[in-house]
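Here is the file coords35.txt (compact mmCIF, C-alpha atoms).
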```txt
# COMPACT_ATOMS: atom_id res chain seq x y z
CA GLU A 1 12.95 -112.78 -13.04
CA THR A 2 13.40 -109.35 -14.59
CA GLY A 3 16.76 -108.48 -13.05
CA VAL A 4 15.16 -105.73 -10.98
CA THR A 5 14.49 -105.96 -7.25
CA GLN A 6 12.61 -103.53 -5.05
CA THR A 7 12.51 -103.43 -1.27
CA PRO A 8 10.40 -103.42 0.71
CA ARG A 9 7.59 -105.01 -1.27
CA HIS A 10 4.99 -103.65 1.14
CA LEU A 11 5.22 -100.62 3.42
CA VAL A 12 2.75 -99.07 5.82
CA MET A 13 3.73 -95.74 7.27
CA GLY A 14 2.25 -92.85 9.20
CA MET A 15 2.20 -89.33 7.86
CA THR A 16 5.03 -88.26 10.17
CA ASN A 17 7.36 -91.15 9.36
CA LYS A 18 10.45 -91.10 7.17
CA LYS A 19 11.14 -94.14 5.04
CA SER A 20 13.05 -95.06 1.90
CA LEU A 21 12.27 -97.31 -1.04
CA LYS A 22 15.13 -99.10 -2.72
CA CYS A 23 15.57 -100.39 -6.24
CA GLU A 24 18.46 -102.49 -7.50
CA GLN A 25 18.98 -103.52 -11.11
CA HIS A 26 21.25 -106.19 -12.55
CA LEU A 27 20.63 -105.40 -16.19
CA GLY A 28 23.49 -102.97 -16.73
CA HIS A 29 21.08 -100.26 -17.89
CA ASN A 30 22.21 -96.66 -17.62
CA ALA A 31 18.91 -94.95 -16.85
CA MET A 32 16.45 -95.50 -14.01
CA TYR A 33 12.91 -94.27 -13.56
CA TRP A 34 10.40 -94.03 -10.73
CA TYR A 35 6.74 -94.46 -11.62
CA LYS A 36 3.68 -94.16 -9.40
CA GLN A 37 0.51 -96.20 -9.95
CA SER A 38 -2.52 -95.11 -7.97
CA ALA A 39 -5.81 -96.96 -8.01
CA LYS A 40 -7.82 -96.27 -11.18
CA LYS A 41 -5.21 -93.84 -12.49
CA PRO A 42 -2.61 -94.21 -15.24
CA LEU A 43 0.99 -94.94 -14.41
CA GLU A 44 2.67 -91.60 -13.78
CA LEU A 45 6.33 -90.88 -14.38
CA MET A 46 7.90 -89.27 -11.32
CA PHE A 47 11.66 -89.06 -11.86
CA VAL A 48 14.25 -90.08 -14.41
CA TYR A 49 17.95 -90.56 -13.80
CA SER A 50 20.31 -90.96 -16.73
CA LEU A 51 23.95 -91.79 -15.98
CA GLU A 52 23.19 -90.99 -12.33
CA GLU A 53 22.04 -87.48 -13.15
CA ARG A 54 18.41 -86.46 -12.67
CA VAL A 55 17.01 -85.47 -16.06
CA GLU A 56 13.31 -85.32 -15.24
CA ASN A 57 11.29 -84.25 -12.24
CA ASN A 58 7.67 -84.53 -13.27
CA SER A 59 6.27 -81.90 -10.89
CA VAL A 60 6.60 -84.23 -7.93
CA PRO A 61 6.09 -82.76 -4.43
CA SER A 62 9.23 -82.28 -2.37
CA ARG A 63 8.08 -84.86 0.18
CA PHE A 64 9.44 -87.35 -2.38
CA SER A 65 13.21 -87.17 -2.74
CA PRO A 66 15.04 -89.46 -5.18
CA GLU A 67 18.66 -90.52 -5.01
CA CYS A 68 20.77 -92.42 -7.53
CA PRO A 69 24.24 -93.11 -6.10
CA ASN A 70 25.23 -95.35 -9.03
CA SER A 71 23.68 -96.91 -12.07
CA SER A 72 22.62 -100.05 -10.19
CA HIS A 73 20.80 -98.42 -7.29
CA LEU A 74 17.91 -96.02 -7.00
CA PHE A 75 16.21 -94.76 -3.86
CA LEU A 76 13.05 -92.83 -3.14
CA HIS A 77 13.13 -91.11 0.23
CA LEU A 78 9.74 -90.38 1.73
CA HIS A 79 8.79 -87.94 4.47
CA THR A 80 5.56 -86.38 5.76
CA LEU A 81 3.48 -88.20 3.17
CA GLN A 82 -0.26 -87.86 2.73
CA PRO A 83 -2.84 -90.65 2.49
CA GLU A 84 -3.30 -89.87 -1.22
CA ASP A 85 0.33 -90.91 -1.73
CA SER A 86 -0.72 -94.51 -1.12
CA ALA A 87 0.10 -96.30 -4.36
CA LEU A 88 2.31 -98.86 -6.07
CA TYR A 89 5.76 -97.39 -6.70
CA LEU A 90 7.59 -98.96 -9.60
CA CYS A 91 11.25 -98.73 -10.48
CA ALA A 92 12.07 -99.08 -14.17
CA PRO A 93 15.61 -99.36 -15.53
CA HIS A 94 16.15 -98.51 -19.18
CA GLN A 95 18.87 -98.72 -21.77
CA ALA A 96 18.37 -96.78 -24.97
CA ARG A 97 19.66 -98.64 -28.01
CA ALA A 98 20.02 -97.03 -31.41
CA GLY A 99 18.12 -98.87 -34.11
CA ALA A 100 16.05 -100.99 -31.72
CA TYR A 101 12.94 -100.49 -29.69
CA ASN A 102 13.42 -99.47 -26.13
CA GLU A 103 11.66 -102.02 -23.98
CA GLN A 104 10.94 -100.72 -20.52
CA PHE A 105 11.35 -103.23 -17.72
CA PHE A 106 9.62 -102.72 -14.40
CA GLY A 107 10.57 -103.90 -10.97
CA PRO A 108 7.99 -105.76 -8.86
CA GLY A 109 7.04 -102.54 -7.07
CA THR A 110 6.54 -101.41 -3.50
CA ARG A 111 2.94 -101.22 -2.33
CA LEU A 112 2.85 -98.16 -0.04
CA THR A 113 0.01 -97.39 2.35
CA VAL A 114 0.04 -94.07 4.22
CA LEU A 115 -2.18 -93.94 7.28
CA GLY B 116 -1.78 -82.14 -23.48
CA GLN B 117 -1.41 -85.88 -23.66
CA ASN B 118 -4.39 -88.22 -23.76
CA ILE B 119 -4.59 -92.00 -24.04
CA ASP B 120 -8.02 -93.64 -24.14
CA GLN B 121 -8.82 -97.31 -23.57
CA PRO B 122 -12.00 -99.11 -22.51
CA THR B 123 -12.10 -99.63 -18.77
CA GLU B 124 -13.19 -103.23 -18.79
CA MET B 125 -13.86 -106.09 -21.21
CA THR B 126 -15.04 -109.66 -20.81
CA ALA B 127 -14.49 -112.65 -23.07
CA THR B 128 -14.65 -116.42 -22.93
CA GLU B 129 -11.86 -118.94 -23.02
CA GLY B 130 -10.76 -119.80 -26.56
CA ALA B 131 -12.22 -116.64 -28.06
CA ILE B 132 -10.53 -113.63 -29.67
CA VAL B 133 -10.62 -110.18 -28.11
CA GLN B 134 -9.49 -106.81 -29.44
CA ILE B 135 -8.53 -104.03 -27.05
CA ASN B 136 -8.49 -100.58 -28.60
CA CYS B 137 -6.37 -97.59 -27.74
CA THR B 138 -6.61 -94.07 -29.14
CA TYR B 139 -4.11 -91.37 -28.42
CA GLN B 140 -3.65 -87.63 -28.82
CA THR B 141 -0.11 -86.66 -27.93
CA SER B 142 2.24 -83.80 -28.72
CA GLY B 143 4.55 -86.20 -30.55
CA PHE B 144 4.86 -89.87 -31.40
CA ASN B 145 7.89 -92.11 -31.13
CA GLY B 146 6.34 -95.49 -30.53
CA LEU B 147 3.44 -97.26 -28.83
CA PHE B 148 3.75 -99.99 -26.24
CA TRP B 149 1.38 -102.57 -24.83
CA TYR B 150 1.92 -104.00 -21.37
CA GLN B 151 0.17 -106.74 -19.43
CA GLN B 152 -0.32 -106.32 -15.70
CA HIS B 153 -1.73 -109.00 -13.43
CA ALA B 154 -3.31 -107.87 -10.19
CA GLY B 155 -0.70 -106.94 -7.61
CA GLU B 156 2.18 -107.35 -10.05
CA ALA B 157 4.37 -105.09 -12.19
CA PRO B 158 3.60 -104.48 -15.86
CA THR B 159 5.33 -106.78 -18.33
CA PHE B 160 6.12 -105.81 -21.91
CA LEU B 161 4.00 -107.31 -24.68
CA SER B 162 4.60 -105.38 -27.87
CA TYR B 163 5.94 -102.28 -29.54
CA ASN B 164 4.80 -100.50 -32.72
CA VAL B 165 6.44 -97.47 -34.30
CA LEU B 166 5.42 -97.97 -37.94
CA ASP B 167 1.92 -98.54 -39.28
CA GLY B 168 0.79 -102.11 -39.53
CA LEU B 169 0.49 -105.32 -37.60
CA GLU B 170 3.11 -106.89 -35.35
CA GLU B 171 2.48 -110.51 -34.46
CA LYS B 172 3.96 -112.37 -31.54
CA GLY B 173 2.42 -115.73 -30.84
CA ARG B 174 -1.18 -115.40 -29.65
CA PHE B 175 -0.81 -111.62 -29.33
CA SER B 176 -0.76 -109.08 -32.16
CA SER B 177 -0.66 -105.31 -32.08
CA PHE B 178 -1.73 -102.89 -34.80
CA LEU B 179 -0.91 -99.23 -35.30
CA SER B 180 -2.33 -96.46 -37.48
CA ARG B 181 -0.41 -93.26 -36.84
CA SER B 182 -2.66 -91.15 -39.05
CA LYS B 183 -5.67 -92.16 -36.95
CA GLY B 184 -3.90 -92.10 -33.59
CA TYR B 185 -5.13 -95.64 -33.07
CA SER B 186 -3.82 -98.99 -31.95
CA TYR B 187 -5.28 -102.28 -30.92
CA LEU B 188 -4.05 -105.37 -29.14
CA LEU B 189 -5.49 -108.65 -30.42
CA LEU B 190 -5.47 -111.68 -28.18
CA LYS B 191 -6.30 -115.03 -29.77
CA GLU B 192 -7.16 -118.39 -28.22
CA LEU B 193 -7.84 -116.74 -24.90
CA GLN B 194 -6.76 -118.54 -21.76
CA MET B 195 -7.80 -117.97 -18.18
CA LYS B 196 -4.32 -116.65 -17.39
CA ASP B 197 -4.91 -113.79 -19.84
CA SER B 198 -7.20 -112.19 -17.27
CA ALA B 199 -5.24 -109.05 -16.47
CA SER B 200 -5.07 -105.34 -17.18
CA TYR B 201 -3.65 -104.27 -20.52
CA LEU B 202 -1.90 -100.92 -20.62
CA CYS B 203 -1.37 -98.82 -23.72
CA ALA B 204 1.52 -96.35 -23.56
CA VAL B 205 2.93 -93.82 -26.01
CA LYS B 206 6.44 -92.40 -26.16
CA ALA B 207 5.61 -88.85 -27.11
CA ASN B 208 9.03 -87.30 -26.75
CA THR B 209 12.42 -87.77 -28.31
CA GLY B 210 15.45 -88.46 -26.19
CA PHE B 211 15.05 -90.38 -22.97
CA GLN B 212 12.06 -92.71 -22.72
CA LYS B 213 9.09 -90.86 -21.28
CA LEU B 214 5.96 -92.98 -21.61
CA VAL B 215 2.42 -91.66 -21.31
CA PHE B 216 0.11 -94.43 -20.10
CA GLY B 217 -3.60 -95.02 -20.44
CA THR B 218 -5.56 -96.15 -17.41
CA GLY B 219 -5.58 -99.71 -18.70
CA THR B 220 -8.24 -102.17 -19.82
CA ARG B 221 -9.17 -104.85 -17.35
CA LEU B 222 -9.87 -108.09 -19.22
CA LEU B 223 -11.79 -110.88 -17.56
CA VAL B 224 -11.68 -114.26 -19.26
CA SER B 225 -14.39 -116.68 -18.19
CA PRO B 226 -14.64 -120.45 -18.80
```
The structure given in the file should be rewritten as structure tokens.
Amino acid sequence: ETGVTQTPRHLVMGMTNKKSLKCEQHLGHNAMYWYKQSAKKPLELMFVYSLEERVENNSVPSRFSPECPNSSHLFLHLHTLQPEDSALYLCAPHQARAGAYNEQFFGPGTRLTVL
Amino acid sequence: GQNIDQPTEMTATEGAIVQINCTYQTSGFNGLFWYQQHAGEAPTFLSYNVLDGLEEKGRFSSFLSRSKGYSYLLLKELQMKDSASYLCAVKANTGFQKLVFGTGTRLLVSP
């Protein structure tokens, strides 16, 4: 149990659908990240929210739209996706601590398949 | 640019020792992480190095040489459950945590 939940765990959607991924953290961390993991590719950072403000958008297409209403919740809204967007989407809360290493926890992920 | 290199796949037998190498070329360096990821699951943290040398944690150890842009993860007394992918990641920036990941090394442990 990592204190991070993601829903749904699996999602199949058509290219014209609109869906949302949800992440909830119970760690009290003040930053939240979305990562994408495609087959045979490195984990890619998509977005970073710090204190509910987006601080990083890693050249992600606009068909992905993040939302962070508070420090415990993070959403990724999806619309008109492409088959190449099929991947594992991981939420990762983080709390920077001075003088200590900054372990990055990951949620269990949502396995997304776009048909 | 940022580049992290790891072998794609390795095999080893139960009880043996295996070393997984990672080399990096990044614009900056503020720490190197190793993660374990079982198939279909999220990565879990194994180790962190920011200074040169060896960090030991039970059966797992991680080494760093910043001058060589090199790290390795050493797994001793291998068990079947160690079959997984091992991800090397570098924090190249200062400020918020932005990790650059390698593609991972898939380790298969056989009886």
Enclosing box along x, y and z for every listed atom of region 124-132 of chain B, padded 4 Å each side, centre and size in Å, one decimal, as lines of an AutoDock Vina configuration file:
```
center_x = -12.8
center_y = -111.5
center_z = -24.2
size_x = 12.5
size_y = 24.6
size_z = 18.9
```
Per residue of chain A within 8 Å of chain B, record the nearest atom pair and its distance in Å to one decimal, counting all atoms listed in the file, with rows in chain order and ascending residue number, as a tab-separated table.
```
residue	atom	partner	partner_atom	distance
A:Lys40	CA	B:Thr218	CA	6.6
A:Lys41	CA	B:Thr218	CA	5.4
A:Pro42	CA	B:Thr218	CA	4.1
A:Leu43	CA	B:Phe216	CA	5.8
A:Glu44	CA	B:Phe216	CA	7.4
A:Leu45	CA	B:Lys213	CA	7.4
A:Leu90	CA	B:Ala157	CA	7.4
A:His94	CA	B:Gln212	CA	7.9
A:Ala96	CA	B:Phe211	CA	7.5
A:Tyr101	CA	B:Tyr163	CA	7.2
A:Asn102	CA	B:Gln212	CA	7.7
A:Glu103	CA	B:Phe160	CA	7.0
A:Gln104	CA	B:Phe160	CA	7.1
A:Phe105	CA	B:Thr159	CA	7.0
A:Phe106	CA	B:Ala157	CA	6.2
A:Gly107	CA	B:Ala157	CA	6.4
A:Pro108	CA	B:Ala157	CA	5.0
A:Gly109	CA	B:Ala157	CA	6.3
```
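Across the structure, CA of Gln37 (chain A) and CA of Leu147 (chain B) are spaced 19.1 Å apart.
The space separating CA of Gln151 (chain B) from CA of Pro61 (chain A) comes to 28.9 Å.
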Rounded to one decimal in Å, what is the spacing between CA of Val114 (chain A) and CA of Met15 (chain A)? 6.4 Å
Name all residues at most 12 Å from Val60 (chain A) (count all atoms listed in the file; drop same-chain ones fewer than 2 positions away) and give them as a list in words. Trp34, Tyr35, Lys36, Glu44, Leu45, Met46, Phe47, Val48, Glu56, Asn57, Asn58, Ser62, Arg63, Phe64, Ser65, Pro66, Leu76, Leu78 and Asp85 of chain A
Please save C-alpha atoms of the selected residues as a JSON list (two decimals), in the frame of the given file.
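To be explicit, this is the file written out as part25.json:
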```json
[["chain", "number", "residue", "atom", "x", "y", "z"],
["A", 34, "TRP", "CA", 10.40, -94.03, -10.73],
["A", 35, "TYR", "CA", 6.74, -94.46, -11.62],
["A", 36, "LYS", "CA", 3.68, -94.16, -9.40],
["A", 44, "GLU", "CA", 2.67, -91.60, -13.78],
["A", 45, "LEU", "CA", 6.33, -90.88, -14.38],
["A", 46, "MET", "CA", 7.90, -89.27, -11.32],
["A", 47, "PHE", "CA", 11.66, -89.06, -11.86],
["A", 48, "VAL", "CA", 14.25, -90.08, -14.41],
["A", 56, "GLU", "CA", 13.31, -85.32, -15.24],
["A", 57, "ASN", "CA", 11.29, -84.25, -12.24],
["A", 58, "ASN", "CA", 7.67, -84.53, -13.27],
["A", 62, "SER", "CA", 9.23, -82.28, -2.37],
["A", 63, "ARG", "CA", 8.08, -84.86, 0.18],
["A", 64, "PHE", "CA", 9.44, -87.35, -2.38],
["A", 65, "SER", "CA", 13.21, -87.17, -2.74],
["A", 66, "PRO", "CA", 15.04, -89.46, -5.18],
["A", 76, "LEU", "CA", 13.05, -92.83, -3.14],
["A", 78, "LEU", "CA", 9.74, -90.38, 1.73],
["A", 85, "ASP", "CA", 0.33, -90.91, -1.73]]
```
Nearest residue to Cys137 (chain B) out of B:Gln194, B:Val224, B:Ser182, B:Leu188, using all atoms listed in the file? B:Leu188
Can I get region 25-50 of chain A with N, CA, C and O atoms filled in, as a compact mmCIF listing (two decimals), in the coordinates of the input?
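Now in rebuild.txt:
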```txt
# COMPACT_ATOMS: atom_id res chain seq x y z
N GLN A 25 19.11 -102.87 -9.81
CA GLN A 25 18.98 -103.52 -11.11
C GLN A 25 20.28 -104.21 -11.48
O GLN A 25 21.37 -103.72 -11.19
N HIS A 26 20.11 -105.37 -12.14
CA HIS A 26 21.25 -106.19 -12.55
C HIS A 26 21.27 -106.33 -14.06
O HIS A 26 21.75 -107.33 -14.59
N LEU A 27 20.74 -105.33 -14.75
CA LEU A 27 20.63 -105.40 -16.19
C LEU A 27 21.73 -104.61 -16.89
O LEU A 27 21.87 -104.68 -18.11
N GLY A 28 22.46 -103.80 -16.12
CA GLY A 28 23.49 -102.97 -16.73
C GLY A 28 22.95 -101.77 -17.47
O GLY A 28 23.66 -101.15 -18.26
N HIS A 29 21.68 -101.42 -17.22
CA HIS A 29 21.08 -100.26 -17.89
C HIS A 29 21.59 -98.97 -17.28
O HIS A 29 21.94 -98.92 -16.10
N ASN A 30 21.61 -97.91 -18.09
CA ASN A 30 22.21 -96.66 -17.62
C ASN A 30 21.20 -95.59 -17.24
O ASN A 30 21.58 -94.44 -16.97
N ALA A 31 19.94 -95.90 -17.27
CA ALA A 31 18.91 -94.95 -16.85
C ALA A 31 17.94 -95.66 -15.92
O ALA A 31 17.68 -96.86 -16.07
N MET A 32 17.41 -94.91 -14.95
CA MET A 32 16.45 -95.50 -14.01
C MET A 32 15.32 -94.52 -13.76
O MET A 32 15.54 -93.31 -13.69
N TYR A 33 14.13 -95.07 -13.65
CA TYR A 33 12.91 -94.27 -13.56
C TYR A 33 12.12 -94.69 -12.31
O TYR A 33 12.12 -95.86 -11.93
N TRP A 34 11.43 -93.73 -11.73
CA TRP A 34 10.40 -94.03 -10.73
C TRP A 34 9.03 -93.68 -11.33
O TRP A 34 8.83 -92.58 -11.85
N TYR A 35 8.12 -94.66 -11.22
CA TYR A 35 6.74 -94.46 -11.62
C TYR A 35 5.84 -94.65 -10.41
O TYR A 35 6.14 -95.43 -9.51
N LYS A 36 4.69 -93.98 -10.43
CA LYS A 36 3.68 -94.16 -9.40
C LYS A 36 2.41 -94.66 -10.05
O LYS A 36 1.99 -94.14 -11.10
N GLN A 37 1.77 -95.67 -9.44
CA GLN A 37 0.51 -96.20 -9.95
C GLN A 37 -0.53 -96.17 -8.84
O GLN A 37 -0.51 -97.00 -7.94
N SER A 38 -1.42 -95.21 -8.92
CA SER A 38 -2.52 -95.11 -7.97
C SER A 38 -3.72 -95.86 -8.51
O SER A 38 -3.84 -96.06 -9.72
N ALA A 39 -4.61 -96.22 -7.61
CA ALA A 39 -5.81 -96.96 -8.01
C ALA A 39 -6.61 -96.16 -9.04
O ALA A 39 -6.84 -94.96 -8.86
N LYS A 40 -6.98 -96.82 -10.12
CA LYS A 40 -7.82 -96.27 -11.18
C LYS A 40 -7.21 -95.06 -11.87
O LYS A 40 -7.92 -94.24 -12.45
N LYS A 41 -5.90 -94.93 -11.80
CA LYS A 41 -5.21 -93.84 -12.49
C LYS A 41 -4.11 -94.43 -13.37
O LYS A 41 -3.60 -95.52 -13.08
N PRO A 42 -3.71 -93.70 -14.41
CA PRO A 42 -2.61 -94.21 -15.24
C PRO A 42 -1.29 -94.19 -14.47
O PRO A 42 -1.12 -93.41 -13.52
N LEU A 43 -0.38 -95.03 -14.91
CA LEU A 43 0.99 -94.94 -14.41
C LEU A 43 1.52 -93.54 -14.68
O LEU A 43 1.39 -93.01 -15.77
N GLU A 44 2.15 -92.96 -13.64
CA GLU A 44 2.67 -91.60 -13.78
C GLU A 44 4.18 -91.63 -13.60
O GLU A 44 4.66 -92.17 -12.61
N LEU A 45 4.88 -91.01 -14.53
CA LEU A 45 6.33 -90.88 -14.38
C LEU A 45 6.64 -89.85 -13.31
O LEU A 45 6.07 -88.75 -13.32
N MET A 46 7.52 -90.21 -12.39
CA MET A 46 7.90 -89.27 -11.32
C MET A 46 9.28 -88.67 -11.60
O MET A 46 9.43 -87.46 -11.69
N PHE A 47 10.28 -89.52 -11.70
CA PHE A 47 11.66 -89.06 -11.86
C PHE A 47 12.38 -89.94 -12.87
O PHE A 47 12.07 -91.12 -13.01
N VAL A 48 13.37 -89.33 -13.52
CA VAL A 48 14.25 -90.08 -14.41
C VAL A 48 15.69 -89.72 -14.08
O VAL A 48 16.03 -88.54 -13.95
N TYR A 49 16.52 -90.75 -13.95
CA TYR A 49 17.95 -90.56 -13.80
C TYR A 49 18.63 -91.18 -15.01
O TYR A 49 18.34 -92.32 -15.38
N SER A 50 19.53 -90.43 -15.63
CA SER A 50 20.31 -90.96 -16.73
C SER A 50 21.78 -90.75 -16.38
O SER A 50 22.19 -89.63 -16.09
```
